[in-house]
Each structure stands twice: as structure tokens, then as C-alpha cells.
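**Q** Sharing a structure with you now.
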2 protein chains.
Amino acid sequence: MNISQAAKLSGLSVKTVRYYADIKMVEPARNIQSGYRSYSNDDVAKLNFIGKARRFNFSIEECRELLSLYQDKNRSSKEVKKLTLAKIASIDEKLREFHSLRDELSHLVNCCNGDDRPSCPILDELSK
Amino acid sequence: MNISQAAKLSGLSVKTVRYYADIKMVEPARNIQSGYRSYSNDDVAKLNFIGKARRFNFSIEECRELLSLYQDKNRSSKEVKKLTLAKIASIDEKLREFHSLRDELSHLVNCCNGDDRPSCPILDELSK
DNA sequence: TATAAAGTCTCCAGTTACTGGAATGTAAAG
DNA sequence: CTTTACATTCCAGTAACTGGAGACTTTATA
């Protein structure tokens with residue numbers, strides 16, 4: 001199938017699918033006549049896989065790792081679990097950051113009149 | 001003072017401070033002899049302000065807005081509050097995403113043996 | 001005072017993961 | 001046969017820096 005079909009089935013944009021071909025992550029066959037990329041069902045499965053992994057916040061490099069594990073029928077689940085646990089830890093870290101950020105900001109907002117006067121505790125805090 | 005002093009006082013890297021000068025956010029005076037950037041206390045205050053706002057996840061463009069509000073003695077607190085509330089909303093959005101991400105991943109991890117066998121529900125899920 | 005080390009300058013390239021657009025070629029529909 | 005849709009490559013831009021090269025200035029040491 002052509003690239004737009006593969007994009008549709010995998011839920012990615014054509015640009016993105018072409019990008020994944022460029023960086024040699026999913027390299028489809030080529031139609032010799034037209035030069036068009038020709039995607040197999042297998043290619044689409046990989047695109048799907050990558051799309052999900054990306055949505056799970058794995059980086060492209062991590063996707064590459066996962067993909068090679070995914071394609072290796074003799075891999076152990078240990079490696080995958082390790083990668084995933086590390087990802088969870090980094091998400092937890094981000095969650096902590098965002099939570100404290102949110103708390104600080106909403107505290108500031110609560111102290112701010114939000115009227116037409118220039119006095120503003122948010123700016124006061126930022127300038128400390 | 002020279003750039004490294006300003007960087008130290010503001011808690012930013014020299015590279016970052018120079019970058020802020022390049023993008024005309026904090027433009028210090030210049031020593032005519034040496035061509036070195038010469039930072040005033042006022043400049044450092046602005047750098048501080050920006051550093052905090054960045055840590056609060058405001059973008060450079062938002063920092064520019066906040067900075068101009070900060071420097072405008074006749075501004076109203078309404079605008080600042082609005083900007084901040086929008087920021088909180090986007091943080092909440094990110095928090096929701098990360099939470100559901102985390103939940104899904106930890107569910108997968110709990111189902112995975114993590115041994116030397118190839119069976120792995122994480123990869124199974126990704127390949128669906 | 002000579003020299004070495006530290007600090008600073010500009011400019012260019014790289015990062016991440018795409019996205020947009022131009023110019024051009026191919027395929028399908030009317 | 002022409003229009004339209006889809007495809008190709010290549011180049012540039014995004015955000016917010018960071019790293020490094022090569023050259024210049026200032027400061028510290030011998």
C-alpha cells in the first residue's frame with residue numbers, strides 16, 4: 001500500500017511516516033516504476049507499535065530498542081521491563097515537578113486580586 | 001559586572017545569559033574597550049525574573065510578556081493573573097496525560113514476569 | 001615583564017521529533 | 001487529455017538552549 005494508506009492505518013501523519021523511513025526505523029519497499037514507498041502489513045504493524053510507544057513517551061531511540069526487542073523472538077521480558085520501569089520513574093519525576101509547579105502557581109493566583117491595579121503578587125514573587 | 005558574575009547571581013549558565021542577550025530579552029551595556037557585556041544590577045534582576053518564570057514553565061515568549069508587564073508600572077494585575085491561570089490549566093492538562101500514562105505503564109509492568117522468557121505483555125500491548 | 005590561565009567574544013552546528021513548503025514527478029478520474 | 005490527488009526529494013524552521021572552534025582580553029603567576 002502507499003504511504004497515505006499506511007499513515008491512515010497507523011494513525012500517524014504522512015510526514016511522520018516518511019520521517020520514520022528517513023531515519024531508518026521503518027523502511028518500506030519501493031515501487032520501482034514510480035519510486036513510491038510500498039508498505040506491507042508488517043510495516044504498518046511496526047508503525048503502530050512505534051506510535052503507541054511514542055504516545056507512552058518513549059523517545060525515538062527507546063522506540064528503536066523496543067522495536068528490536070519486539071522483532072527478536074528470543075528476547076527476554078526482563079529487558080523490556082527494565083526499560084519500562086525506568087520510563088515510569090522518569091514520569092514520576094516529571095509528575096512531582098509539575099505538581100509543585102502547579103501548587104506554587106495556584107498559590108500565587110489566589111493571592112492576586114486580578115483587578116486593574118498594578119499591584120500583583122505574582123510579579124512580586126517572580127522578581128524576588 | 002561581567003557575564004559570568006551575572007550568570008552566577010542569576011543562577012543561569014553563561015551560555016544562557018548570552019542567549020538572552022542575543023534574542024534581545026536582556027541586553028546589557030558593552031565595555032567599549034573590550035567589547036565585553038557589562039551587566040547592571042537591574043539586568044541581573046531581570047535575569048532572575050526570567051529564570052524563575054522559566055522554571056514556572058513559562059515559554060520565552062510568555063516571559064517576554066511577563067517581563068514587559070513587570071517593567072510597566074501602570075499595568076493591571078488582571079493580565080498577569082490571566083496568563084498565569086492559562087499556564088495552570090496547561091499544567092493540569094499535562095498532569096492528566098502523565099497520570100494516565102503512568103497508570104497504563106505500571107499496569108503493564110505488573111503483568112510482566114520480567115524473566116528470561118520471551119513472553120512479555122508490554123510488547124504484546126504495544127503491538128496491538 | 002613574560003607567559004600562562006581564565007574569561008570573553010562571535011559564529012556555526014547540533015539537539016528532538018517532527019512540520020511546512022517548494023518544486024517536481026506519477027497515478028487515477030472524468 | 002486534462003485536472004486532481006498523491007507521491008517524491010530537499011531545504012528550512014520549531015524551542016531553548018548547549019557545545020565547540022578560533023580569536024581576543026584580562027588576570028594571575030613565575
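Letters A, B, ... go to the chains of the C-alpha cells in the order shown; residues in each chain start at 1; ligands are counted from 1 in the same order.
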Set the cut-off to 12 Å and count only C-alpha atoms (C1' of nucleotides): what are the residues of chain C that reach chain B? Output as a PyMOL selection string.
**A** chain C and resi 6-10
**Q** Using the selection just defined, write its residues with all heavy atoms as a CSV table (one decimal), in the first residue's frame.
**A**
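Written out: result.csv:
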chain,number,residue,atom,x,y,z
C,6,DA,P,43.1,27.8,34.7
C,6,DA,OP1,42.9,27.2,36.0
C,6,DA,OP2,42.9,27.0,33.5
C,6,DA,O5',42.0,29.0,34.6
C,6,DA,C5',42.3,30.2,35.4
C,6,DA,C4',41.4,31.3,34.9
C,6,DA,O4',42.0,31.9,33.7
C,6,DA,C3',40.0,30.9,34.5
C,6,DA,O3',39.1,31.8,35.1
C,6,DA,C2',40.0,31.0,33.0
C,6,DA,C1',41.0,32.1,32.8
C,6,DA,N9,41.6,32.1,31.4
C,6,DA,C8,42.1,31.1,30.7
C,6,DA,N7,42.6,31.4,29.6
C,6,DA,C5,42.4,32.8,29.5
C,6,DA,C6,42.7,33.8,28.5
C,6,DA,N6,43.3,33.5,27.4
C,6,DA,N1,42.3,35.0,28.7
C,6,DA,C2,41.7,35.3,29.9
C,6,DA,N3,41.4,34.5,30.9
C,6,DA,C4,41.7,33.3,30.6
C,7,DG,P,37.6,31.6,35.2
C,7,DG,OP1,37.1,32.0,36.6
C,7,DG,OP2,37.3,30.3,34.6
C,7,DG,O5',37.0,32.7,34.2
C,7,DG,C5',37.4,34.1,34.4
C,7,DG,C4',37.1,34.9,33.1
C,7,DG,O4',38.0,34.5,32.1
C,7,DG,C3',35.7,34.6,32.5
C,7,DG,O3',35.0,35.8,32.5
C,7,DG,C2',36.0,34.1,31.1
C,7,DG,C1',37.4,34.6,30.9
C,7,DG,N9,38.1,33.9,29.9
C,7,DG,C8,38.5,32.6,29.9
C,7,DG,N7,39.1,32.2,28.8
C,7,DG,C5,39.2,33.4,28.0
C,7,DG,C6,39.9,33.6,26.8
C,7,DG,O6,40.5,32.8,26.1
C,7,DG,N1,39.7,35.0,26.4
C,7,DG,C2,39.1,35.9,27.1
C,7,DG,N2,39.0,37.2,26.6
C,7,DG,N3,38.5,35.7,28.3
C,7,DG,C4,38.6,34.5,28.7
C,8,DT,P,33.5,36.0,32.1
C,8,DT,OP1,32.9,37.1,32.9
C,8,DT,OP2,32.9,34.6,32.2
C,8,DT,O5',33.6,36.4,30.6
C,8,DT,C5',34.1,37.6,30.2
C,8,DT,C4',34.3,37.7,28.7
C,8,DT,O4',35.3,36.7,28.3
C,8,DT,C3',33.0,37.3,27.9
C,8,DT,O3',32.3,38.5,27.6
C,8,DT,C2',33.5,36.6,26.7
C,8,DT,C1',35.0,36.5,26.9
C,8,DT,N1,35.6,35.2,26.5
C,8,DT,C2,36.3,35.1,25.3
C,8,DT,O2,36.4,36.1,24.6
C,8,DT,N3,36.8,33.9,25.0
C,8,DT,C4,36.7,32.8,25.8
C,8,DT,O4,37.2,31.7,25.4
C,8,DT,C5,35.9,32.9,27.0
C,8,DT,C7,35.7,31.8,28.0
C,8,DT,C6,35.5,34.1,27.3
C,9,DC,P,31.0,38.4,26.6
C,9,DC,OP1,30.3,39.7,26.7
C,9,DC,OP2,30.4,37.1,27.0
C,9,DC,O5',31.7,38.3,25.2
C,9,DC,C5',32.3,39.4,24.6
C,9,DC,C4',32.8,39.1,23.2
C,9,DC,O4',33.8,38.0,23.3
C,9,DC,C3',31.7,38.5,22.3
C,9,DC,O3',31.1,39.5,21.6
C,9,DC,C2',32.6,37.6,21.3
C,9,DC,C1',33.8,37.2,22.1
C,9,DC,N1,33.9,35.8,22.5
C,9,DC,C2,34.5,34.9,21.7
C,9,DC,O2,35.0,35.3,20.6
C,9,DC,N3,34.6,33.6,22.1
C,9,DC,C4,34.1,33.2,23.2
C,9,DC,N4,34.2,31.9,23.6
C,9,DC,C5,33.4,34.1,24.1
C,9,DC,C6,33.3,35.4,23.7
C,10,DT,P,29.7,39.1,20.9
C,10,DT,OP1,29.0,40.3,20.5
C,10,DT,OP2,29.0,38.1,21.8
C,10,DT,O5',30.1,38.3,19.6
C,10,DT,C5',31.0,38.9,18.6
C,10,DT,C4',31.3,38.0,17.5
C,10,DT,O4',32.0,36.8,18.1
C,10,DT,C3',30.1,37.4,16.8
C,10,DT,O3',30.3,37.6,15.4
C,10,DT,C2',30.0,36.0,17.2
C,10,DT,C1',31.4,35.6,17.6
C,10,DT,N1,31.5,34.6,18.7
C,10,DT,C2,32.2,33.4,18.4
C,10,DT,O2,32.8,33.2,17.4
C,10,DT,N3,32.2,32.6,19.5
C,10,DT,C4,31.6,32.7,20.7
C,10,DT,O4,31.7,31.9,21.6
C,10,DT,C5,30.9,34.0,20.9
C,10,DT,C7,30.1,34.2,22.2
C,10,DT,C6,30.8,34.8,19.9
**Q** Please report, as CSV, each residue of chain B lying at most 9 Å from chain D, together with the nearest pair of atoms and the separation in Å rounded to one decimal; use only C-alpha atoms (C1' of nucleotides), and order rows by chain and ascending residue number.
**A**
residue,atom,partner,partner_atom,distance
B:Lys15,CA,D:DT18,C1',7.5
B:Thr16,CA,D:DC17,C1',6.8
B:Tyr19,CA,D:DC17,C1',7.7
B:Ser34,CA,D:DT25,C1',6.3
B:Tyr36,CA,D:DT25,C1',8.9
B:Ser59,CA,D:DA15,C1',8.7
B:Ile60,CA,D:DA16,C1',8.0
**Q** Pull the strand (DSSP E) assignments for chain A out of DSSP run on the backbone, and list those residues as a VMD selection string.
**A** chain A and resid 29 to 30 37 to 38
**Q** What does the file look like for those residues with N, CA, C and O atoms, as a PDB file, in the first residue's frame?
**A**
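Printed below is again13.pdb as written:
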ATOM      1  N   ALA A  29       9.412  -1.183   1.240  1.00  0.00           N
ATOM      2  CA  ALA A  29       9.905  -1.473  -0.106  1.00  0.00           C
ATOM      3  C   ALA A  29       9.573  -0.287  -1.003  1.00  0.00           C
ATOM      4  O   ALA A  29       8.866   0.630  -0.592  1.00  0.00           O
ATOM      5  N   ARG A  30      10.127  -0.327  -2.221  1.00  0.00           N
ATOM      6  CA  ARG A  30       9.851   0.747  -3.168  1.00  0.00           C
ATOM      7  C   ARG A  30       9.260   0.183  -4.441  1.00  0.00           C
ATOM      8  O   ARG A  30       9.697  -0.856  -4.927  1.00  0.00           O
ATOM      9  N   ARG A  37       6.941   4.704  -1.972  1.00  0.00           N
ATOM     10  CA  ARG A  37       7.152   3.753  -0.891  1.00  0.00           C
ATOM     11  C   ARG A  37       5.984   2.771  -0.865  1.00  0.00           C
ATOM     12  O   ARG A  37       4.834   3.181  -1.021  1.00  0.00           O
ATOM     13  N   SER A  38       6.294   1.517  -0.631  1.00  0.00           N
ATOM     14  CA  SER A  38       5.253   0.492  -0.641  1.00  0.00           C
ATOM     15  C   SER A  38       5.246  -0.242   0.702  1.00  0.00           C
ATOM     16  O   SER A  38       6.168  -1.000   1.006  1.00  0.00           O
TER      17      SER A  38
END
**Q** Both chains have the same sequence, so superpose chain B on chain A over all Cα atoms paired in order and return it as a compact mmCIF listing (two decimals) with N, CA and C atoms, in the first residue's frame.
**A**
# COMPACT_ATOMS: atom_id res chain seq x y z
N MET B 1 0.80 -1.10 -0.03
CA MET B 1 -0.04 0.11 0.01
C MET B 1 0.85 1.37 0.01
N ASN B 2 0.26 2.47 -0.41
CA ASN B 2 1.01 3.73 -0.42
C ASN B 2 1.10 4.35 0.97
N ILE B 3 1.87 5.41 1.02
CA ILE B 3 2.19 5.98 2.34
C ILE B 3 0.96 6.54 3.06
N SER B 4 0.03 7.10 2.32
CA SER B 4 -1.11 7.71 3.00
C SER B 4 -2.00 6.66 3.65
N GLN B 5 -2.08 5.51 2.98
CA GLN B 5 -2.84 4.39 3.54
C GLN B 5 -2.16 3.89 4.82
N ALA B 6 -0.87 3.74 4.75
CA ALA B 6 -0.11 3.29 5.92
C ALA B 6 -0.25 4.28 7.07
N ALA B 7 -0.22 5.55 6.71
CA ALA B 7 -0.36 6.60 7.72
C ALA B 7 -1.73 6.51 8.39
N LYS B 8 -2.74 6.33 7.55
CA LYS B 8 -4.11 6.24 8.05
C LYS B 8 -4.26 5.06 9.01
N LEU B 9 -3.79 3.90 8.56
CA LEU B 9 -3.93 2.69 9.37
C LEU B 9 -3.15 2.77 10.69
N SER B 10 -2.05 3.48 10.65
CA SER B 10 -1.23 3.54 11.87
C SER B 10 -1.56 4.76 12.73
N GLY B 11 -2.41 5.63 12.21
CA GLY B 11 -2.77 6.80 12.97
C GLY B 11 -1.68 7.85 13.06
N LEU B 12 -0.74 7.79 12.13
CA LEU B 12 0.33 8.78 12.10
C LEU B 12 0.14 9.69 10.89
N SER B 13 0.85 10.80 10.88
CA SER B 13 0.78 11.66 9.70
C SER B 13 1.72 11.14 8.62
N VAL B 14 1.42 11.49 7.39
CA VAL B 14 2.27 11.07 6.27
C VAL B 14 3.70 11.56 6.49
N LYS B 15 3.80 12.79 6.94
CA LYS B 15 5.11 13.38 7.20
C LYS B 15 5.90 12.55 8.21
N THR B 16 5.20 12.13 9.24
CA THR B 16 5.85 11.35 10.29
C THR B 16 6.29 9.99 9.78
N VAL B 17 5.43 9.37 8.99
CA VAL B 17 5.76 8.05 8.45
C VAL B 17 6.98 8.17 7.54
N ARG B 18 6.99 9.22 6.74
CA ARG B 18 8.14 9.43 5.85
C ARG B 18 9.40 9.69 6.68
N TYR B 19 9.21 10.42 7.76
CA TYR B 19 10.33 10.69 8.66
C TYR B 19 10.89 9.39 9.24
N TYR B 20 10.01 8.49 9.64
CA TYR B 20 10.47 7.22 10.19
C TYR B 20 11.21 6.40 9.14
N ALA B 21 10.84 6.59 7.90
CA ALA B 21 11.59 5.92 6.83
C ALA B 21 12.98 6.56 6.69
N ASP B 22 13.00 7.89 6.73
CA ASP B 22 14.27 8.62 6.60
C ASP B 22 15.28 8.20 7.66
N ILE B 23 14.80 8.04 8.88
CA ILE B 23 15.73 7.70 9.97
C ILE B 23 15.89 6.19 10.11
N LYS B 24 15.44 5.47 9.08
CA LYS B 24 15.62 4.03 9.01
C LYS B 24 14.99 3.27 10.16
N MET B 25 13.83 3.69 10.57
CA MET B 25 13.15 2.96 11.62
C MET B 25 12.14 1.99 11.00
N VAL B 26 11.41 2.47 10.04
CA VAL B 26 10.53 1.59 9.26
C VAL B 26 10.77 1.88 7.78
N GLU B 27 11.54 0.98 7.16
CA GLU B 27 11.91 1.19 5.76
C GLU B 27 11.09 0.32 4.84
N PRO B 28 10.14 0.91 4.15
CA PRO B 28 9.27 0.14 3.26
C PRO B 28 9.98 -0.18 1.95
N ALA B 29 9.38 -1.10 1.20
CA ALA B 29 9.86 -1.38 -0.15
C ALA B 29 9.54 -0.19 -1.04
N ARG B 30 10.08 -0.22 -2.26
CA ARG B 30 9.80 0.88 -3.19
C ARG B 30 9.18 0.33 -4.47
N ASN B 31 8.23 1.06 -4.99
CA ASN B 31 7.70 0.76 -6.31
C ASN B 31 8.73 1.26 -7.32
N ILE B 32 9.23 0.33 -8.14
CA ILE B 32 10.34 0.70 -9.03
C ILE B 32 9.88 1.70 -10.09
N GLN B 33 8.68 1.50 -10.59
CA GLN B 33 8.12 2.43 -11.59
C GLN B 33 8.09 3.86 -11.04
N SER B 34 7.32 4.00 -9.97
CA SER B 34 7.01 5.35 -9.49
C SER B 34 8.00 5.90 -8.46
N GLY B 35 8.68 5.01 -7.81
CA GLY B 35 9.54 5.45 -6.71
C GLY B 35 8.77 5.62 -5.41
N TYR B 36 7.48 5.37 -5.45
CA TYR B 36 6.65 5.51 -4.25
C TYR B 36 7.02 4.46 -3.22
N ARG B 37 6.89 4.83 -1.95
CA ARG B 37 7.10 3.86 -0.88
C ARG B 37 5.93 2.88 -0.86
N SER B 38 6.25 1.61 -0.64
CA SER B 38 5.21 0.59 -0.65
C SER B 38 5.20 -0.16 0.68
N TYR B 39 4.17 0.07 1.48
CA TYR B 39 4.11 -0.48 2.84
C TYR B 39 3.38 -1.81 2.91
N SER B 40 4.00 -2.75 3.64
CA SER B 40 3.35 -4.05 3.88
C SER B 40 2.57 -3.96 5.20
N ASN B 41 1.77 -4.98 5.46
CA ASN B 41 1.04 -5.04 6.73
C ASN B 41 2.00 -5.08 7.90
N ASP B 42 3.11 -5.73 7.66
CA ASP B 42 4.14 -5.81 8.69
C ASP B 42 4.70 -4.43 9.02
N ASP B 43 4.94 -3.66 7.97
CA ASP B 43 5.42 -2.29 8.17
C ASP B 43 4.41 -1.49 9.00
N VAL B 44 3.15 -1.66 8.66
CA VAL B 44 2.10 -0.93 9.37
C VAL B 44 2.07 -1.36 10.84
N ALA B 45 2.27 -2.65 11.09
CA ALA B 45 2.31 -3.13 12.47
C ALA B 45 3.42 -2.44 13.25
N LYS B 46 4.57 -2.29 12.58
CA LYS B 46 5.69 -1.60 13.24
C LYS B 46 5.36 -0.14 13.50
N LEU B 47 4.73 0.49 12.53
CA LEU B 47 4.34 1.89 12.71
C LEU B 47 3.40 2.04 13.89
N ASN B 48 2.47 1.11 13.98
CA ASN B 48 1.54 1.09 15.10
C ASN B 48 2.27 0.98 16.42
N PHE B 49 3.17 0.04 16.43
CA PHE B 49 3.98 -0.22 17.62
C PHE B 49 4.70 1.06 18.06
N ILE B 50 5.34 1.69 17.09
CA ILE B 50 6.09 2.92 17.38
C ILE B 50 5.17 4.04 17.84
N GLY B 51 4.03 4.14 17.16
CA GLY B 51 3.07 5.17 17.54
C GLY B 51 2.66 5.03 19.00
N LYS B 52 2.38 3.80 19.40
CA LYS B 52 1.99 3.57 20.79
C LYS B 52 3.13 3.89 21.74
N ALA B 53 4.30 3.38 21.40
CA ALA B 53 5.44 3.60 22.28
C ALA B 53 5.72 5.09 22.43
N ARG B 54 5.59 5.84 21.35
CA ARG B 54 5.78 7.29 21.42
C ARG B 54 4.73 7.92 22.32
N ARG B 55 3.50 7.46 22.19
CA ARG B 55 2.45 7.99 23.05
C ARG B 55 2.73 7.64 24.51
N PHE B 56 3.45 6.53 24.72
CA PHE B 56 3.87 6.16 26.08
C PHE B 56 5.13 6.91 26.47
N ASN B 57 5.47 7.89 25.64
CA ASN B 57 6.58 8.79 25.98
C ASN B 57 7.97 8.17 25.86
N PHE B 58 8.05 7.07 25.14
CA PHE B 58 9.37 6.54 24.85
C PHE B 58 10.00 7.41 23.76
N SER B 59 11.30 7.66 23.87
CA SER B 59 11.98 8.45 22.85
C SER B 59 12.19 7.59 21.60
N ILE B 60 12.58 8.24 20.54
CA ILE B 60 12.83 7.51 19.30
C ILE B 60 13.89 6.42 19.52
N GLU B 61 14.93 6.77 20.24
CA GLU B 61 15.98 5.77 20.49
C GLU B 61 15.44 4.60 21.31
N GLU B 62 14.61 4.90 22.29
CA GLU B 62 14.00 3.84 23.09
C GLU B 62 13.05 3.01 22.23
N CYS B 63 12.37 3.68 21.33
CA CYS B 63 11.49 2.95 20.40
C CYS B 63 12.30 1.97 19.56
N ARG B 64 13.47 2.43 19.14
CA ARG B 64 14.34 1.57 18.36
C ARG B 64 14.70 0.32 19.16
N GLU B 65 15.05 0.52 20.41
CA GLU B 65 15.37 -0.60 21.30
C GLU B 65 14.19 -1.55 21.44
N LEU B 66 13.03 -0.95 21.77
CA LEU B 66 11.83 -1.77 21.96
C LEU B 66 11.48 -2.53 20.69
N LEU B 67 11.64 -1.85 19.58
CA LEU B 67 11.31 -2.47 18.30
C LEU B 67 12.20 -3.67 18.02
N SER B 68 13.48 -3.53 18.36
CA SER B 68 14.38 -4.65 18.10
C SER B 68 14.07 -5.80 19.06
N LEU B 69 13.66 -5.46 20.28
CA LEU B 69 13.23 -6.50 21.21
C LEU B 69 11.97 -7.18 20.69
N TYR B 70 11.09 -6.34 20.18
CA TYR B 70 9.80 -6.81 19.66
C TYR B 70 10.03 -7.78 18.50
N GLN B 71 11.03 -7.45 17.71
CA GLN B 71 11.27 -8.29 16.53
C GLN B 71 12.13 -9.51 16.85
N ASP B 72 12.73 -9.50 18.03
CA ASP B 72 13.59 -10.61 18.42
C ASP B 72 12.77 -11.65 19.17
N LYS B 73 12.51 -12.76 18.54
CA LYS B 73 11.64 -13.76 19.15
C LYS B 73 12.28 -14.43 20.37
N ASN B 74 13.60 -14.27 20.50
CA ASN B 74 14.29 -14.93 21.61
C ASN B 74 14.62 -14.00 22.77
N ARG B 75 14.05 -12.78 22.70
CA ARG B 75 14.39 -11.82 23.75
C ARG B 75 13.79 -12.26 25.09
N SER B 76 14.29 -11.70 26.15
CA SER B 76 13.70 -11.95 27.47
C SER B 76 12.84 -10.76 27.85
N SER B 77 11.86 -11.00 28.67
CA SER B 77 10.97 -9.90 29.06
C SER B 77 11.66 -8.98 30.07
N LYS B 78 12.76 -9.45 30.64
CA LYS B 78 13.48 -8.68 31.65
C LYS B 78 13.91 -7.31 31.10
N GLU B 79 14.49 -7.33 29.93
CA GLU B 79 14.98 -6.09 29.34
C GLU B 79 13.88 -5.08 29.13
N VAL B 80 12.76 -5.58 28.62
CA VAL B 80 11.63 -4.70 28.35
C VAL B 80 11.11 -4.10 29.65
N LYS B 81 11.02 -4.96 30.65
CA LYS B 81 10.51 -4.50 31.94
C LYS B 81 11.42 -3.43 32.53
N LYS B 82 12.70 -3.64 32.38
CA LYS B 82 13.68 -2.68 32.90
C LYS B 82 13.50 -1.31 32.25
N LEU B 83 13.42 -1.33 30.93
CA LEU B 83 13.22 -0.11 30.16
C LEU B 83 11.94 0.60 30.62
N THR B 84 10.90 -0.18 30.82
CA THR B 84 9.61 0.40 31.18
C THR B 84 9.62 0.96 32.60
N LEU B 85 10.28 0.25 33.49
CA LEU B 85 10.37 0.75 34.87
C LEU B 85 11.13 2.08 34.92
N ALA B 86 12.17 2.17 34.13
CA ALA B 86 12.94 3.41 34.08
C ALA B 86 12.05 4.54 33.55
N LYS B 87 11.25 4.19 32.55
CA LYS B 87 10.34 5.19 31.99
C LYS B 87 9.33 5.66 33.03
N ILE B 88 8.80 4.72 33.80
CA ILE B 88 7.85 5.08 34.86
C ILE B 88 8.51 6.01 35.88
N ALA B 89 9.74 5.70 36.22
CA ALA B 89 10.45 6.52 37.19
C ALA B 89 10.60 7.95 36.67
N SER B 90 10.90 8.08 35.39
CA SER B 90 11.09 9.44 34.87
C SER B 90 9.76 10.17 34.75
N ILE B 91 8.69 9.42 34.53
CA ILE B 91 7.37 10.04 34.53
C ILE B 91 7.02 10.53 35.93
N ASP B 92 7.35 9.71 36.92
CA ASP B 92 7.08 10.11 38.30
C ASP B 92 7.82 11.40 38.64
N GLU B 93 9.04 11.46 38.18
CA GLU B 93 9.85 12.66 38.41
C GLU B 93 9.15 13.89 37.81
N LYS B 94 8.72 13.75 36.57
CA LYS B 94 8.03 14.84 35.88
C LYS B 94 6.74 15.20 36.61
N LEU B 95 6.04 14.18 37.09
CA LEU B 95 4.79 14.42 37.83
C LEU B 95 5.04 15.25 39.07
N ARG B 96 6.11 14.90 39.78
CA ARG B 96 6.45 15.66 40.98
C ARG B 96 6.72 17.12 40.64
N GLU B 97 7.53 17.33 39.62
CA GLU B 97 7.84 18.69 39.18
C GLU B 97 6.58 19.48 38.87
N PHE B 98 5.74 18.88 38.05
CA PHE B 98 4.54 19.58 37.61
C PHE B 98 3.60 19.86 38.78
N HIS B 99 3.53 18.92 39.71
CA HIS B 99 2.67 19.13 40.86
C HIS B 99 3.13 20.32 41.68
N SER B 100 4.43 20.40 41.93
CA SER B 100 4.89 21.49 42.79
C SER B 100 4.77 22.82 42.05
N LEU B 101 5.01 22.75 40.74
CA LEU B 101 4.83 23.93 39.90
C LEU B 101 3.40 24.44 40.00
N ARG B 102 2.50 23.52 39.83
CA ARG B 102 1.09 23.86 39.88
C ARG B 102 0.69 24.47 41.21
N ASP B 103 1.17 23.84 42.27
CA ASP B 103 0.84 24.33 43.61
C ASP B 103 1.35 25.76 43.81
N GLU B 104 2.58 25.99 43.39
CA GLU B 104 3.14 27.33 43.57
C GLU B 104 2.37 28.36 42.77
N LEU B 105 2.09 28.02 41.53
CA LEU B 105 1.36 28.97 40.68
C LEU B 105 -0.04 29.24 41.21
N SER B 106 -0.73 28.20 41.65
CA SER B 106 -2.11 28.45 42.10
C SER B 106 -2.12 29.22 43.42
N HIS B 107 -1.08 29.02 44.21
CA HIS B 107 -0.95 29.84 45.41
C HIS B 107 -0.84 31.32 45.03
N LEU B 108 0.01 31.57 44.04
CA LEU B 108 0.19 32.96 43.60
C LEU B 108 -1.10 33.55 43.05
N VAL B 109 -1.80 32.76 42.26
CA VAL B 109 -3.04 33.24 41.68
C VAL B 109 -4.06 33.59 42.75
N ASN B 110 -4.09 32.77 43.79
CA ASN B 110 -5.05 33.03 44.86
C ASN B 110 -4.76 34.32 45.61
N CYS B 111 -3.50 34.72 45.58
CA CYS B 111 -3.13 35.95 46.28
C CYS B 111 -3.33 37.19 45.42
N CYS B 112 -3.60 36.98 44.14
CA CYS B 112 -3.65 38.10 43.21
C CYS B 112 -5.08 38.60 43.01
N ASN B 113 -5.27 39.91 43.16
CA ASN B 113 -6.60 40.48 43.01
C ASN B 113 -7.16 40.30 41.60
N GLY B 114 -6.29 40.41 40.63
CA GLY B 114 -6.74 40.28 39.25
C GLY B 114 -7.61 41.43 38.81
N ASP B 115 -7.30 42.62 39.31
CA ASP B 115 -8.08 43.79 38.92
C ASP B 115 -7.22 44.72 38.05
N ASP B 116 -7.65 45.97 37.96
CA ASP B 116 -6.94 46.89 37.09
C ASP B 116 -5.82 47.66 37.78
N ARG B 117 -5.58 47.28 39.02
CA ARG B 117 -4.48 47.95 39.72
C ARG B 117 -3.16 47.24 39.41
N PRO B 118 -2.08 47.98 39.49
CA PRO B 118 -0.78 47.39 39.12
C PRO B 118 -0.23 46.40 40.14
N SER B 119 -0.74 46.45 41.37
CA SER B 119 -0.22 45.54 42.38
C SER B 119 -0.47 44.09 42.01
N CYS B 120 0.56 43.28 41.98
CA CYS B 120 0.38 41.89 41.56
C CYS B 120 1.40 40.98 42.23
N PRO B 121 0.93 40.14 43.14
CA PRO B 121 1.85 39.27 43.88
C PRO B 121 2.57 38.26 42.99
N ILE B 122 2.00 37.96 41.82
CA ILE B 122 2.68 37.01 40.92
C ILE B 122 3.99 37.62 40.44
N LEU B 123 3.88 38.84 39.95
CA LEU B 123 5.10 39.53 39.50
C LEU B 123 6.04 39.79 40.67
N ASP B 124 5.46 40.11 41.82
CA ASP B 124 6.30 40.35 42.99
C ASP B 124 7.13 39.11 43.29
N GLU B 125 6.49 37.97 43.24
CA GLU B 125 7.19 36.73 43.53
C GLU B 125 8.27 36.46 42.49
N LEU B 126 7.91 36.67 41.25
CA LEU B 126 8.88 36.41 40.17
C LEU B 126 10.10 37.31 40.28
N SER B 127 9.89 38.50 40.80
CA SER B 127 11.00 39.45 40.82
C SER B 127 11.87 39.31 42.08
N LYS B 128 11.47 38.43 42.98
CA LYS B 128 12.27 38.26 44.21
C LYS B 128 13.64 37.67 43.92
**Q** With DSSP run on the backbone, what are the alpha helix (DSSP H) residues within chain A? I'd like them as a count of residues only.
**A** 86
